[in-house]
$ cat start.txt   # compact mmCIF, C-alpha atoms
# COMPACT_ATOMS: atom_id res chain seq x y z
CA MET A 1 77.33 92.42 90.61
CA LYS A 2 73.92 91.81 92.17
CA LYS A 3 71.67 94.72 93.04
CA LYS A 4 71.90 93.95 96.76
CA ASP A 5 75.70 93.94 96.54
CA SER A 6 75.62 97.28 94.73
CA ILE A 7 73.46 98.80 97.47
CA ASP A 8 75.75 97.41 100.17
CA ARG A 9 78.77 98.91 98.44
CA CYS A 10 77.05 102.30 98.13
CA VAL A 11 76.29 102.24 101.85
CA GLU A 12 79.90 101.29 102.63
CA ILE A 13 81.24 104.12 100.47
CA ALA A 14 78.78 106.58 102.01
CA LYS A 15 79.89 105.62 105.51
CA ALA A 16 83.55 106.03 104.52
CA LEU A 17 82.78 109.55 103.25
CA SER A 18 80.64 110.52 106.25
CA GLU A 19 83.54 112.18 108.09
CA ALA A 20 84.92 115.45 106.74
CA ILE A 21 88.50 114.51 107.62
CA ARG A 22 88.29 111.42 105.41
CA VAL A 23 87.11 113.50 102.46
CA ARG A 24 90.00 115.90 103.07
CA VAL A 25 92.47 113.00 103.16
CA LEU A 26 91.14 111.81 99.82
CA LEU A 27 91.50 115.28 98.34
CA ILE A 28 95.11 115.47 99.55
CA THR A 29 96.14 112.00 98.39
CA LYS A 30 94.78 112.48 94.87
CA ASN A 31 97.91 114.60 94.28
CA GLY A 32 100.25 111.78 95.23
CA ALA A 33 100.91 109.18 97.90
CA MET A 34 101.28 110.30 101.52
CA ASN A 35 102.47 108.52 104.65
CA LEU A 36 101.09 108.74 108.19
CA GLN A 37 103.72 111.19 109.41
CA GLN A 38 102.97 113.61 106.59
CA LEU A 39 99.21 113.41 107.20
CA VAL A 40 99.67 114.04 110.93
CA GLU A 41 101.71 117.13 110.09
CA ILE A 42 98.97 118.39 107.76
CA TYR A 43 95.95 117.78 109.97
CA ASP A 44 97.44 118.01 113.49
CA LEU A 45 95.49 114.96 114.66
CA ALA A 46 96.64 112.09 116.88
CA PRO A 47 98.36 109.42 114.77
CA SER A 48 96.05 106.73 116.12
CA THR A 49 93.01 108.79 115.07
CA LEU A 50 94.34 109.24 111.54
CA SER A 51 95.27 105.56 111.37
CA LYS A 52 91.65 104.63 112.05
CA HIS A 53 90.41 106.95 109.28
CA LEU A 54 92.97 105.57 106.84
CA LYS A 55 91.92 102.03 107.65
CA ILE A 56 88.26 102.85 106.94
CA LEU A 57 89.18 104.44 103.60
CA GLU A 58 91.38 101.51 102.67
CA ASN A 59 88.76 98.92 103.67
CA SER A 60 86.21 100.71 101.49
CA GLY A 61 88.55 100.62 98.50
CA LEU A 62 88.87 104.41 98.26
CA LEU A 63 92.55 104.26 99.23
CA VAL A 64 95.28 101.69 98.71
CA SER A 65 98.56 101.44 100.59
CA LYS A 66 102.02 100.30 99.67
CA ARG A 67 105.03 99.77 101.90
CA GLU A 68 108.35 101.37 100.95
CA GLY A 69 111.04 100.42 103.43
CA ARG A 70 109.43 100.99 106.82
CA TRP A 71 106.96 103.54 105.47
CA ARG A 72 103.45 102.82 104.27
CA TYR A 73 102.15 105.24 101.64
CA TYR A 74 98.45 105.83 100.94
CA SER A 75 97.14 106.79 97.51
CA TRP A 76 94.17 106.50 95.17
CA PRO A 77 93.69 103.12 93.50
CA GLN A 78 94.85 103.09 89.90
CA SER A 79 92.21 100.56 88.88
CA PRO A 80 89.05 100.85 91.02
CA VAL A 81 87.52 97.45 91.62
CA ASP A 82 83.92 98.57 91.17
CA ASP A 83 81.71 101.40 89.93
CA ALA A 84 80.95 102.63 93.46
CA VAL A 85 84.60 103.48 94.07
CA LYS A 86 85.06 104.92 90.60
CA LYS A 87 82.07 107.24 90.89
CA ALA A 88 82.97 108.32 94.42
CA LEU A 89 86.49 109.26 93.36
CA LEU A 90 85.18 111.12 90.31
CA TRP A 91 82.98 113.14 92.63
CA ILE A 92 85.87 113.79 95.04
CA ASN A 93 88.08 114.85 92.14
CA LYS A 94 85.70 117.72 91.35
CA ALA A 95 85.69 119.07 94.91
CA ASN A 96 88.86 121.14 94.56
CA SER A 97 87.77 124.74 95.16
CA ASP A 98 87.12 124.61 98.91
CA PRO A 99 89.25 127.18 100.83
CA VAL A 100 90.03 124.52 103.45
CA LEU A 101 91.76 122.50 100.73
CA THR A 102 93.98 125.47 99.89
CA THR A 103 95.31 125.43 103.45
CA ASP A 104 95.67 121.65 103.34
CA MET A 105 97.66 121.86 100.12
CA ALA A 106 100.03 124.45 101.59
CA ARG A 107 100.66 122.19 104.56
CA ARG A 108 101.05 119.25 102.19
CA THR A 109 103.91 121.01 100.42
CA VAL A 110 105.71 121.54 103.73
CA ALA A 111 105.07 117.96 104.86
CA VAL A 112 106.50 116.52 101.65
CA GLN A 113 109.59 118.74 101.90
CA ASN A 114 110.16 117.58 105.49
CA SER A 115 109.96 113.88 104.61
CA GLN A 116 112.93 111.66 105.26
CA ALA A 117 114.05 108.88 102.95
CA PRO A 118 112.68 105.43 103.83
CA PRO A 119 115.06 103.48 106.07
CA PRO A 120 116.29 100.00 105.10
CA LYS A 121 113.94 97.06 105.39
CA GLY A 122 114.25 94.88 108.48
CA THR A 123 113.70 91.19 108.95
CA ARG A 124 111.38 91.48 111.96
CA SER A 125 108.59 93.88 112.81
CA ARG A 126 109.64 96.41 115.44
CA VAL A 127 107.13 97.33 118.14
CA ILE A 128 107.35 99.93 120.90
CA PHE A 129 104.92 100.28 123.82
CA LEU A 130 104.63 103.68 125.48
CA CYS A 131 103.10 104.85 128.75
CA THR A 132 103.68 107.67 131.21
CA HIS A 133 106.44 106.21 133.39
CA ASN A 134 107.48 103.01 131.59
CA SER A 135 107.25 101.32 134.96
CA CYS A 136 104.15 99.10 134.80
CA ARG A 137 101.89 98.91 131.76
CA SER A 138 104.40 99.30 128.94
CA GLN A 139 106.91 97.07 130.76
CA MET A 140 104.29 94.33 131.02
CA ALA A 141 103.27 94.76 127.38
CA GLU A 142 106.88 94.58 126.19
CA ALA A 143 107.46 91.31 128.03
CA LEU A 144 104.12 89.81 127.03
CA LEU A 145 104.63 90.45 123.31
CA ARG A 146 108.15 89.09 123.47
CA HIS A 147 106.79 86.00 125.25
CA HIS A 148 103.84 85.35 122.93
CA GLY A 149 105.28 86.74 119.69
CA GLY A 150 108.58 84.89 119.74
CA ASP A 151 110.95 85.75 116.89
CA ARG A 152 108.29 87.58 114.87
CA PHE A 153 108.81 90.86 116.73
CA GLU A 154 111.59 93.07 118.05
CA VAL A 155 110.01 94.67 121.12
CA TYR A 156 110.77 97.82 123.11
CA SER A 157 109.05 100.06 125.66
CA ALA A 158 109.57 103.61 126.90
CA GLY A 159 107.92 106.38 128.89
CA ILE A 160 107.22 110.11 128.77
CA GLU A 161 108.53 110.55 132.34
CA PRO A 162 110.39 107.29 133.13
CA ARG A 163 110.44 106.01 136.71
CA LYS A 164 111.80 102.93 138.44
CA VAL A 165 109.96 99.66 137.80
CA PRO A 166 108.06 98.80 141.02
CA PRO A 167 108.46 95.34 142.61
CA LEU A 168 104.80 94.43 141.96
CA THR A 169 105.32 94.74 138.20
CA ARG A 170 108.09 92.16 138.33
CA GLU A 171 106.15 90.01 140.79
CA VAL A 172 102.95 89.62 138.75
CA MET A 173 104.93 88.97 135.59
CA SER A 174 106.92 86.30 137.41
CA GLU A 175 103.59 84.71 138.42
CA ALA A 176 102.86 84.38 134.70
CA GLY A 177 106.21 82.69 134.14
CA ILE A 178 107.89 85.76 132.61
CA ASP A 179 111.10 87.17 134.08
CA ILE A 180 111.49 90.92 133.55
CA SER A 181 114.33 91.47 136.03
CA HIS A 182 116.51 92.64 133.14
CA GLN A 183 114.05 95.33 131.95
CA ARG A 184 114.63 98.97 132.87
CA SER A 185 112.65 102.18 132.41
CA LYS A 186 113.68 104.30 129.41
CA SER A 187 112.75 107.71 128.04
CA VAL A 188 110.92 107.92 124.72
CA LEU A 189 113.49 110.54 123.70
CA LYS A 190 116.09 107.77 123.50
CA PHE A 191 114.36 106.34 120.44
CA ILE A 192 113.10 109.36 118.50
CA GLY A 193 115.20 109.85 115.39
CA ASN A 194 117.37 106.84 116.24
CA THR A 195 115.14 103.80 115.88
CA TYR A 196 112.39 103.06 113.39
CA PHE A 197 109.29 101.13 114.44
CA ASP A 198 106.60 99.41 112.44
CA HIS A 199 104.06 99.52 115.27
CA LEU A 200 103.66 102.04 118.10
CA ILE A 201 101.17 101.21 120.85
CA THR A 202 100.30 103.62 123.65
CA VAL A 203 98.80 102.14 126.81
CA CYS A 204 97.85 105.32 128.66
CA PRO A 205 96.14 108.63 127.71
CA MET A 206 99.15 110.79 128.54
CA ALA A 207 101.42 108.86 126.19
CA GLU A 208 98.78 109.01 123.46
CA LYS A 209 98.49 112.77 123.87
CA HIS A 210 102.14 113.73 124.21
CA THR A 211 104.13 111.20 122.19
CA PRO A 212 105.41 112.82 118.98
CA VAL A 213 105.21 111.16 115.59
CA PHE A 214 107.84 108.49 115.01
CA PRO A 215 109.01 108.48 111.39
CA GLY A 216 108.18 105.27 109.62
CA VAL A 217 105.45 103.93 111.93
CA THR A 218 102.91 102.11 109.79
CA GLU A 219 100.45 101.32 112.58
CA ARG A 220 99.72 103.31 115.71
CA LEU A 221 97.29 101.91 118.26
CA HIS A 222 95.93 103.10 121.61
CA TRP A 223 95.20 100.51 124.30
CA PRO A 224 94.35 102.56 127.41
CA GLU A 225 94.89 100.76 130.72
CA GLU A 226 94.58 102.00 134.30
CA ASP A 227 97.85 102.80 136.05
CA PRO A 228 98.16 100.15 138.78
CA SER A 229 100.95 102.07 140.53
CA VAL A 230 98.54 104.81 141.68
CA PHE A 231 95.89 102.42 142.98
CA GLN A 232 95.13 102.93 146.67
CA GLY A 233 94.50 99.86 148.80
CA SER A 234 96.08 97.06 150.76
CA LEU A 235 99.08 95.22 149.34
CA ASP A 236 96.84 92.34 148.27
CA GLU A 237 94.44 94.75 146.58
CA GLN A 238 97.30 96.47 144.79
CA ARG A 239 98.66 93.12 143.66
CA GLU A 240 95.26 92.19 142.26
CA MET A 241 95.12 95.47 140.36
CA PHE A 242 98.49 94.74 138.78
CA ARG A 243 97.20 91.29 137.78
CA MET A 244 94.09 92.77 136.17
CA VAL A 245 96.18 95.11 134.03
CA ARG A 246 98.54 92.27 133.11
CA ASN A 247 95.65 90.03 132.08
CA SER A 248 93.98 92.77 130.05
CA LEU A 249 97.20 93.52 128.18
CA GLU A 250 97.83 89.85 127.57
CA LYS A 251 94.42 89.43 125.94
CA ARG A 252 94.95 92.48 123.73
CA ILE A 253 98.38 91.24 122.66
CA VAL A 254 97.30 87.66 121.92
CA ASP A 255 94.37 88.96 119.84
CA TRP A 256 96.63 91.42 118.02
CA ILE A 257 99.18 88.74 117.17
CA LYS A 258 96.40 86.58 115.71
CA SER A 259 95.39 89.45 113.43
CA LYS A 260 98.87 89.71 111.92

$ encode --input "start.txt" --output "structure tokens"
Amino acid sequence: MKKKDSIDRCVEIAKALSEAIRVRVLLITKNGAMNLQQLVEIYDLAPSTLSKHLKILENSGLLVSKREGRWRYYSWPQSPVDDAVKKALLWINKANSDPVLTTDMARRTVAVQNSQAPPPKGTRSRVIFLCTHNSCRSQMAEALLRHHGGDRFEVYSAGIEPRKVPPLTREVMSEAGIDISHQRSKSVLKFIGNTYFDHLITVCPMAEKHTPVFPGVTERLHWPEEDPSVFQGSLDEQREMFRMVRNSLEKRIVDWIKSK
């Protein structure tokens, strides 16, 4: 490996270790593989926040992941690909006397005991979109992913406090050539403990804050969008607001599909 490459790798590793929570995750996972649900239970952080930290650690080579059923487990690499990873993990391995880690380990024991067995593998990735009322944003996102994703995804949506789908939601989707007349608002409680999802995507801050952890979710994303149903203005102005949200969600979804 060239000297420049070595320096770049050291910088990458240093950035990955620059957040205390990522160091704590490494200390926890050295004792065995953990999934997202377990880590959320230990650290009491939003799943999307932990997902971002896990992705940084995995991209740096400090963690590897492996899917078991619909779960993805994160652990230390058995064969580090370079000296930078090896030396970083050796250093982490020595940092085991911090009192914070004692608390983490106690919570780890509880999290492991509470784990459920991995559910059976499915043939298509399951995705659920969540927002406050499941009346506008998540309804649009559900229809857009089904439209653009085809048979690759099994798509659902739900809300924290479900309300009736307003006419403008159906109207602007119809303008895009997508009929959602069959879609209805649903409570998130309908799915918890009954349906496993590979991907959970919140499209409003309230859903991100209040949605509990779904067992088995391997990716949790947050795509905040304004609620068009509370926009004040003329009917034409309201319609334009609904279109803006639809177009923003469509771009996010098309880009996300391309990344898969």

$ residues_around --input "start.txt" --residues "A:Arg146" --least-positions-apart "4" --cutoff "12 Å" --atoms "all atoms listed in the file" --output "list in words"
Ser125, Arg126, Val127, Ile128, Phe129, Gln139, Met140, Ala141, Glu142, Gly150, Asp151, Arg152, Phe153, Glu154, Val155, Tyr156, Ser157, Ile178, Asp179, Ile180, Glu250, Ile253, Val254 and Ile257 of chain A

$ closest_atom_pairs --input "start.txt" --of "stretch 181-242 of chain A" --to "stretch 38-61 of chain A" --cutoff "7 Å" --atoms "all atoms listed in the file" --output "tab-separated table"
residue	atom	partner	partner_atom	distance
A:Glu219	CA	A:Ser51	CA	6.8
A:Arg220	CA	A:Ser48	CA	5.0
A:Leu221	CA	A:Ser48	CA	5.4
A:His222	CA	A:Ser48	CA	6.6

$ atom_distance --input "start.txt" --atom1 "atom CA of A:Leu168" --atom2 "atom CA of A:Ser234"
12.7 Å

$ closest_residue --input "start.txt" --among "A:Leu189, A:Ile7, A:Ala88, A:Val230" --to "A:Pro212" --atoms "all atoms listed in the file"
A:Leu189

$ atom_distance --input "start.txt" --atom1 "atom CA of A:Arg22" --atom2 "atom CA of A:Gln37"
15.9 Å

$ closest_atom_pairs --input "start.txt" --of "stretch 78-187 of chain A" --to "stretch 207-210 of chain A" --cutoff "9 Å" --atoms "only C-alpha atoms" --output "JSON lines"
{"residue": "A:Leu130", "atom": "CA", "partner": "A:Ala207", "partner_atom": "CA", "distance": 6.1}
{"residue": "A:Cys131", "atom": "CA", "partner": "A:Ala207", "partner_atom": "CA", "distance": 5.0}
{"residue": "A:Thr132", "atom": "CA", "partner": "A:Ala207", "partner_atom": "CA", "distance": 5.6}
{"residue": "A:Gly159", "atom": "CA", "partner": "A:Ala207", "partner_atom": "CA", "distance": 7.5}
{"residue": "A:Ile160", "atom": "CA", "partner": "A:Ala207", "partner_atom": "CA", "distance": 6.5}

$ residues_near_point --input "start.txt" --point "(101.9, 110.1, 92.3)" --cutoff "12 Å" --atoms "all atoms listed in the file" --output "MDAnalysis selection string"
chainID A and resid 28:34 73:78

$ write_last_selection --input "start.txt" --atoms "C-alpha atoms" --output "CSV table (one decimal), in the coordinates of the input"
chain,number,residue,atom,x,y,z
A,28,ILE,CA,95.1,115.5,99.6
A,29,THR,CA,96.1,112.0,98.4
A,30,LYS,CA,94.8,112.5,94.9
A,31,ASN,CA,97.9,114.6,94.3
A,32,GLY,CA,100.2,111.8,95.2
A,33,ALA,CA,100.9,109.2,97.9
A,34,MET,CA,101.3,110.3,101.5
A,73,TYR,CA,102.2,105.2,101.6
A,74,TYR,CA,98.4,105.8,100.9
A,75,SER,CA,97.1,106.8,97.5
A,76,TRP,CA,94.2,106.5,95.2
A,77,PRO,CA,93.7,103.1,93.5
A,78,GLN,CA,94.8,103.1,89.9

$ atom_distance --input "start.txt" --atom1 "atom CA of A:Gln238" --atom2 "atom CA of A:Gly177"
19.6 Å

$ decode --input "start.txt" --residues "stretch 240-251 of chain A" --atoms "all heavy atoms" --output "PDB file, in the first residue's frame"
ATOM      1  N   GLU A 240     -50.505  23.229  -5.388  1.00  0.00           N
ATOM      2  CA  GLU A 240     -49.099  23.344  -5.753  1.00  0.00           C
ATOM      3  C   GLU A 240     -48.195  22.814  -4.642  1.00  0.00           C
ATOM      4  O   GLU A 240     -47.157  22.205  -4.913  1.00  0.00           O
ATOM      5  CB  GLU A 240     -48.759  24.806  -6.064  1.00  0.00           C
ATOM      6  CG  GLU A 240     -47.361  25.020  -6.620  1.00  0.00           C
ATOM      7  CD  GLU A 240     -47.116  24.244  -7.912  1.00  0.00           C
ATOM      8  OE1 GLU A 240     -48.081  24.022  -8.680  1.00  0.00           O
ATOM      9  OE2 GLU A 240     -45.961  23.835  -8.143  1.00  0.00           O
ATOM     10  N   MET A 241     -48.613  23.022  -3.390  1.00  0.00           N
ATOM     11  CA  MET A 241     -47.847  22.511  -2.268  1.00  0.00           C
ATOM     12  C   MET A 241     -47.848  20.983  -2.284  1.00  0.00           C
ATOM     13  O   MET A 241     -46.806  20.348  -2.058  1.00  0.00           O
ATOM     14  CB  MET A 241     -48.443  23.022  -0.952  1.00  0.00           C
ATOM     15  CG  MET A 241     -47.646  22.606   0.272  1.00  0.00           C
ATOM     16  SD  MET A 241     -45.973  23.318   0.245  1.00  0.00           S
ATOM     17  CE  MET A 241     -45.298  22.642   1.757  1.00  0.00           C
ATOM     18  N   PHE A 242     -48.986  20.389  -2.549  1.00  0.00           N
ATOM     19  CA  PHE A 242     -49.067  18.937  -2.648  1.00  0.00           C
ATOM     20  C   PHE A 242     -48.162  18.430  -3.769  1.00  0.00           C
ATOM     21  O   PHE A 242     -47.494  17.394  -3.629  1.00  0.00           O
ATOM     22  CB  PHE A 242     -50.514  18.502  -2.904  1.00  0.00           C
ATOM     23  CG  PHE A 242     -51.336  18.313  -1.652  1.00  0.00           C
ATOM     24  CD1 PHE A 242     -51.824  19.413  -0.958  1.00  0.00           C
ATOM     25  CD2 PHE A 242     -51.622  17.046  -1.173  1.00  0.00           C
ATOM     26  CE1 PHE A 242     -52.583  19.250   0.186  1.00  0.00           C
ATOM     27  CE2 PHE A 242     -52.383  16.865  -0.027  1.00  0.00           C
ATOM     28  CZ  PHE A 242     -52.867  17.978   0.668  1.00  0.00           C
ATOM     29  N   ARG A 243     -48.120  19.141  -4.872  1.00  0.00           N
ATOM     30  CA  ARG A 243     -47.268  18.741  -5.998  1.00  0.00           C
ATOM     31  C   ARG A 243     -45.796  18.800  -5.615  1.00  0.00           C
ATOM     32  O   ARG A 243     -45.010  17.926  -5.989  1.00  0.00           O
ATOM     33  CB  ARG A 243     -47.530  19.645  -7.203  1.00  0.00           C
ATOM     34  CG  ARG A 243     -48.871  19.411  -7.900  1.00  0.00           C
ATOM     35  CD  ARG A 243     -49.138  20.499  -8.915  1.00  0.00           C
ATOM     36  NE  ARG A 243     -50.399  20.311  -9.612  1.00  0.00           N
ATOM     37  CZ  ARG A 243     -51.118  21.300 -10.143  1.00  0.00           C
ATOM     38  NH1 ARG A 243     -50.680  22.570 -10.046  1.00  0.00           N
ATOM     39  NH2 ARG A 243     -52.254  21.044 -10.766  1.00  0.00           N
ATOM     40  N   MET A 244     -45.412  19.848  -4.891  1.00  0.00           N
ATOM     41  CA  MET A 244     -44.015  19.989  -4.482  1.00  0.00           C
ATOM     42  C   MET A 244     -43.569  18.819  -3.611  1.00  0.00           C
ATOM     43  O   MET A 244     -42.482  18.265  -3.789  1.00  0.00           O
ATOM     44  CB  MET A 244     -43.818  21.317  -3.738  1.00  0.00           C
ATOM     45  CG  MET A 244     -43.878  22.555  -4.623  1.00  0.00           C
ATOM     46  SD  MET A 244     -43.808  24.095  -3.654  1.00  0.00           S
ATOM     47  CE  MET A 244     -42.231  23.875  -2.825  1.00  0.00           C
ATOM     48  N   VAL A 245     -44.431  18.428  -2.675  1.00  0.00           N
ATOM     49  CA  VAL A 245     -44.105  17.299  -1.805  1.00  0.00           C
ATOM     50  C   VAL A 245     -44.038  16.014  -2.623  1.00  0.00           C
ATOM     51  O   VAL A 245     -43.122  15.193  -2.449  1.00  0.00           O
ATOM     52  CB  VAL A 245     -45.147  17.170  -0.672  1.00  0.00           C
ATOM     53  CG1 VAL A 245     -44.924  15.889   0.120  1.00  0.00           C
ATOM     54  CG2 VAL A 245     -45.066  18.381   0.251  1.00  0.00           C
ATOM     55  N   ARG A 246     -44.978  15.832  -3.519  1.00  0.00           N
ATOM     56  CA  ARG A 246     -44.969  14.651  -4.395  1.00  0.00           C
ATOM     57  C   ARG A 246     -43.684  14.571  -5.196  1.00  0.00           C
ATOM     58  O   ARG A 246     -43.041  13.507  -5.255  1.00  0.00           O
ATOM     59  CB  ARG A 246     -46.164  14.709  -5.348  1.00  0.00           C
ATOM     60  CG  ARG A 246     -46.235  13.569  -6.361  1.00  0.00           C
ATOM     61  CD  ARG A 246     -47.095  13.945  -7.559  1.00  0.00           C
ATOM     62  NE  ARG A 246     -46.514  15.052  -8.314  1.00  0.00           N
ATOM     63  CZ  ARG A 246     -47.185  15.803  -9.195  1.00  0.00           C
ATOM     64  NH1 ARG A 246     -48.470  15.575  -9.416  1.00  0.00           N
ATOM     65  NH2 ARG A 246     -46.565  16.778  -9.836  1.00  0.00           N
ATOM     66  N   ASN A 247     -43.288  15.696  -5.793  1.00  0.00           N
ATOM     67  CA  ASN A 247     -42.079  15.705  -6.624  1.00  0.00           C
ATOM     68  C   ASN A 247     -40.818  15.455  -5.808  1.00  0.00           C
ATOM     69  O   ASN A 247     -39.894  14.765  -6.257  1.00  0.00           O
ATOM     70  CB  ASN A 247     -41.963  17.041  -7.361  1.00  0.00           C
ATOM     71  CG  ASN A 247     -43.063  17.235  -8.382  1.00  0.00           C
ATOM     72  OD1 ASN A 247     -43.723  16.277  -8.790  1.00  0.00           O
ATOM     73  ND2 ASN A 247     -43.288  18.477  -8.792  1.00  0.00           N
ATOM     74  N   SER A 248     -40.779  16.003  -4.598  1.00  0.00           N
ATOM     75  CA  SER A 248     -39.615  15.795  -3.732  1.00  0.00           C
ATOM     76  C   SER A 248     -39.501  14.327  -3.337  1.00  0.00           C
ATOM     77  O   SER A 248     -38.409  13.741  -3.380  1.00  0.00           O
ATOM     78  CB  SER A 248     -39.739  16.677  -2.490  1.00  0.00           C
ATOM     79  OG  SER A 248     -38.671  16.438  -1.595  1.00  0.00           O
ATOM     80  N   LEU A 249     -40.617  13.723  -2.972  1.00  0.00           N
ATOM     81  CA  LEU A 249     -40.608  12.312  -2.608  1.00  0.00           C
ATOM     82  C   LEU A 249     -40.241  11.432  -3.800  1.00  0.00           C
ATOM     83  O   LEU A 249     -39.499  10.453  -3.660  1.00  0.00           O
ATOM     84  CB  LEU A 249     -41.983  11.899  -2.069  1.00  0.00           C
ATOM     85  CG  LEU A 249     -42.296  12.346  -0.640  1.00  0.00           C
ATOM     86  CD1 LEU A 249     -43.768  12.128  -0.331  1.00  0.00           C
ATOM     87  CD2 LEU A 249     -41.431  11.612   0.373  1.00  0.00           C
ATOM     88  N   GLU A 250     -40.723  11.797  -4.960  1.00  0.00           N
ATOM     89  CA  GLU A 250     -40.420  11.000  -6.147  1.00  0.00           C
ATOM     90  C   GLU A 250     -38.921  10.999  -6.433  1.00  0.00           C
ATOM     91  O   GLU A 250     -38.340   9.958  -6.759  1.00  0.00           O
ATOM     92  CB  GLU A 250     -41.187  11.514  -7.354  1.00  0.00           C
ATOM     93  CG  GLU A 250     -40.990  10.660  -8.606  1.00  0.00           C
ATOM     94  CD  GLU A 250     -41.973  10.995  -9.704  1.00  0.00           C
ATOM     95  OE1 GLU A 250     -42.365  12.173  -9.799  1.00  0.00           O
ATOM     96  OE2 GLU A 250     -42.348  10.084 -10.463  1.00  0.00           O
ATOM     97  N   LYS A 251     -38.288  12.154  -6.292  1.00  0.00           N
ATOM     98  CA  LYS A 251     -36.842  12.228  -6.519  1.00  0.00           C
ATOM     99  C   LYS A 251     -36.086  11.375  -5.507  1.00  0.00           C
ATOM    100  O   LYS A 251     -35.161  10.641  -5.857  1.00  0.00           O
ATOM    101  CB  LYS A 251     -36.352  13.667  -6.439  1.00  0.00           C
ATOM    102  CG  LYS A 251     -34.864  13.819  -6.766  1.00  0.00           C
ATOM    103  CD  LYS A 251     -34.421  15.263  -6.696  1.00  0.00           C
ATOM    104  CE  LYS A 251     -32.960  15.392  -7.145  1.00  0.00           C
ATOM    105  NZ  LYS A 251     -32.036  14.482  -6.459  1.00  0.00           N
TER     106      LYS A 251
END
